[in-house]
Amino acid sequence: MAEKMFKALLWAFATAVVMAEAVRGQRVPCYFVFGDSVFDNGNNNDLDTLAKVNYSPYGIDFARGPTGRFSNGRNIPDFIAKEVGFKYDIPPFIRASTEQAHTGINYASGGAGLLEETSQHLGERISFEKQITNHRNMILTAGVPPEKLKKCLYTINIGSNDYLNNYFMPAPYTTNGNFSFDGYADYLIRSYRSYLKSLYVLGARKVAVFGVSKLGCTPRMIASHGGGKGCAAEVNKAVEPFNKNLKALVFEFNRNFADAKFTFVDLFSSQNPIEYFILGFTVTDKSCCTVESGQELCAANKPACPNRGQYVYWDNVHSTEAANKVVAEAAFVGLITSPYSILLLTL
């Protein structure tokens, strides 16, 4: 009870700080986004892939309708951009001009993973490595000054597909047979370390790294690995060492690079029934939109639930706008981050 009260007071204080700071306007000169479908805002629309959602009912609550966001409305980077003070959406890489490299670009791609092979069965996707290459080319072509890049905000959400669309998938994937849970986490983190170093070399100094959520509690994994009766414990157990090692990697970077601030966003620990109840989420194990048997994305032009604010999941994997808003605000004020809030990154 004391912990809940402390969190409530912390949230109230942080909210007051955010409101007071809002008058200062945009807090960073640019915002760059990397990751998978949780952060993708349209980069997969023109790809030959099953992992794209530029159709109804996606975007049912978004002003411009279906844009390629894997939700009914805004995603987490949309809310973070608003909190940071941006008056416009960060453009997807496929639609961005060279000039927009001075203010921010979203490189995230549905199906992307730390491993190049991840999600290959879905078709084309822009891996994390390729996203970094795209970023390098954009900032060099645009001539963005290195000192400016050091003042920008960077958010990364990657790793979920390396489990959903690799480790817990059958052939052609072999990682499940080759690695234990701990071994696979170590293997992924070695790649992550290399990619973060590349971003550091390219100027990234204010970086929020999102951990993997309780994938075993998604409707997809409840159906395929949980017997349809509850969270798939095995899947959640596999993810835990990845998050533990990723948090350690963040602290490693903070020790090794004194001129940078990296922070870990804990999505896993914040997913529990009590907090869902307090936040008003009453449906935590089913999709809001219509998902056909054996699929994970919404069926095109089929009905969606009317009470979307009470659902955690929009489709069988991705969150509703309401859930995205909660995560973004909690990360911004520091309720689920360590050692820095995203707000502190922008100072």
# chains A, B, ... in the order shown; residues from 1 in each chain; ligands from 1
call {"tool": "closest_atom_pairs", "arguments": {"of": "segment 270-318 of chain A", "to": "segment 218-230 of chain A", "cutoff": "10 Å", "atoms": "only C-alpha atoms", "output": "JSON lines"}}
result
{"residue": "A:Thr284", "atom": "CA", "partner": "A:Thr218", "partner_atom": "CA", "distance": 8.5}
{"residue": "A:Asp285", "atom": "CA", "partner": "A:Pro219", "partner_atom": "CA", "distance": 5.5}
{"residue": "A:Lys286", "atom": "CA", "partner": "A:Pro219", "partner_atom": "CA", "distance": 5.5}
{"residue": "A:Ser287", "atom": "CA", "partner": "A:Pro219", "partner_atom": "CA", "distance": 6.7}
{"residue": "A:Val291", "atom": "CA", "partner": "A:Arg220", "partner_atom": "CA", "distance": 10.0}
{"residue": "A:Ser293", "atom": "CA", "partner": "A:Ala223", "partner_atom": "CA", "distance": 9.8}
{"residue": "A:Gly294", "atom": "CA", "partner": "A:Arg220", "partner_atom": "CA", "distance": 8.3}
{"residue": "A:Gln295", "atom": "CA", "partner": "A:Arg220", "partner_atom": "CA", "distance": 7.9}
{"residue": "A:Glu296", "atom": "CA", "partner": "A:Arg220", "partner_atom": "CA", "distance": 6.2}
{"residue": "A:Leu297", "atom": "CA", "partner": "A:Arg220", "partner_atom": "CA", "distance": 9.6}
{"residue": "A:Val312", "atom": "CA", "partner": "A:Thr218", "partner_atom": "CA", "distance": 9.4}
{"residue": "A:Tyr313", "atom": "CA", "partner": "A:Thr218", "partner_atom": "CA", "distance": 7.6}
{"residue": "A:Trp314", "atom": "CA", "partner": "A:Pro219", "partner_atom": "CA", "distance": 9.9}
{"residue": "A:Asp315", "atom": "CA", "partner": "A:Pro219", "partner_atom": "CA", "distance": 8.0}
{"residue": "A:Asn316", "atom": "CA", "partner": "A:Pro219", "partner_atom": "CA", "distance": 4.8}
{"residue": "A:Val317", "atom": "CA", "partner": "A:Thr218", "partner_atom": "CA", "distance": 5.4}
{"residue": "A:His318", "atom": "CA", "partner": "A:Thr218", "partner_atom": "CA", "distance": 8.1}
call {"tool": "select_by_dssp", "arguments": {"residues": "segment 6-219 of chain A", "states": "strand (DSSP E)", "output": "number ranges by chain"}}
result
A: 31-35, 153-157, 206-210
call {"tool": "closest_atom_pairs", "arguments": {"of": "segment 39-94 of chain A", "to": "segment 200-210 of chain A", "cutoff": "12 Å", "atoms": "only C-alpha atoms", "output": "CSV"}}
result
residue,atom,partner,partner_atom,distance
A:Phe39,CA,A:Phe210,CA,10.6
A:Ile76,CA,A:Phe210,CA,10.8
A:Pro77,CA,A:Ala208,CA,11.1
A:Ile80,CA,A:Ala208,CA,10.9
call {"tool": "closest_atom_pairs", "arguments": {"of": "segment 71-132 of chain A", "to": "segment 138-157 of chain A", "cutoff": "8 Å", "atoms": "only C-alpha atoms", "output": "tab-separated table"}}
result
residue	atom	partner	partner_atom	distance
A:Pro77	CA	A:Thr155	CA	7.8
A:Thr98	CA	A:Ala142	CA	5.4
A:Glu99	CA	A:Ala142	CA	6.1
A:Ala101	CA	A:Ile139	CA	5.7
A:His102	CA	A:Val144	CA	5.9
call {"tool": "closest_atom_pairs", "arguments": {"of": "segment 157-240 of chain A", "to": "segment 266-283 of chain A", "cutoff": "7 Å", "atoms": "only C-alpha atoms", "output": "Markdown table"}}
result
| residue | atom | partner | partner_atom | distance |
| --- | --- | --- | --- | --- |
| A:Phe210 | CA | A:Asp266 | CA | 6.6 |
| A:Gly211 | CA | A:Asp266 | CA | 5.5 |
| A:Val212 | CA | A:Leu267 | CA | 6.3 |
| A:Ser213 | CA | A:Phe268 | CA | 4.3 |
| A:Lys214 | CA | A:Phe268 | CA | 5.2 |
call {"tool": "write_last_selection", "arguments": {"atoms": "N, CA, C and O atoms", "output": "PDB file, in the first residue's frame"}}
result
ATOM      1  N   PHE A 210      13.752   0.667 -24.611  1.00  0.00           N
ATOM      2  CA  PHE A 210      12.579  -0.020 -24.079  1.00  0.00           C
ATOM      3  C   PHE A 210      12.830  -1.519 -24.008  1.00  0.00           C
ATOM      4  O   PHE A 210      13.290  -2.131 -24.980  1.00  0.00           O
ATOM      5  N   GLY A 211      12.527  -2.106 -22.862  1.00  0.00           N
ATOM      6  CA  GLY A 211      12.645  -3.542 -22.713  1.00  0.00           C
ATOM      7  C   GLY A 211      11.482  -4.251 -23.391  1.00  0.00           C
ATOM      8  O   GLY A 211      10.559  -3.621 -23.918  1.00  0.00           O
ATOM      9  N   VAL A 212      11.509  -5.568 -23.366  1.00  0.00           N
ATOM     10  CA  VAL A 212      10.443  -6.375 -23.957  1.00  0.00           C
ATOM     11  C   VAL A 212       9.339  -6.575 -22.923  1.00  0.00           C
ATOM     12  O   VAL A 212       9.607  -6.803 -21.744  1.00  0.00           O
ATOM     13  N   SER A 213       8.099  -6.488 -23.365  1.00  0.00           N
ATOM     14  CA  SER A 213       6.955  -6.633 -22.463  1.00  0.00           C
ATOM     15  C   SER A 213       6.677  -8.108 -22.162  1.00  0.00           C
ATOM     16  O   SER A 213       7.413  -8.995 -22.629  1.00  0.00           O
ATOM     17  N   LYS A 214       5.617  -8.368 -21.410  1.00  0.00           N
ATOM     18  CA  LYS A 214       5.232  -9.746 -21.110  1.00  0.00           C
ATOM     19  C   LYS A 214       4.565 -10.356 -22.345  1.00  0.00           C
ATOM     20  O   LYS A 214       3.337 -10.428 -22.451  1.00  0.00           O
TER      21      LYS A 214
END
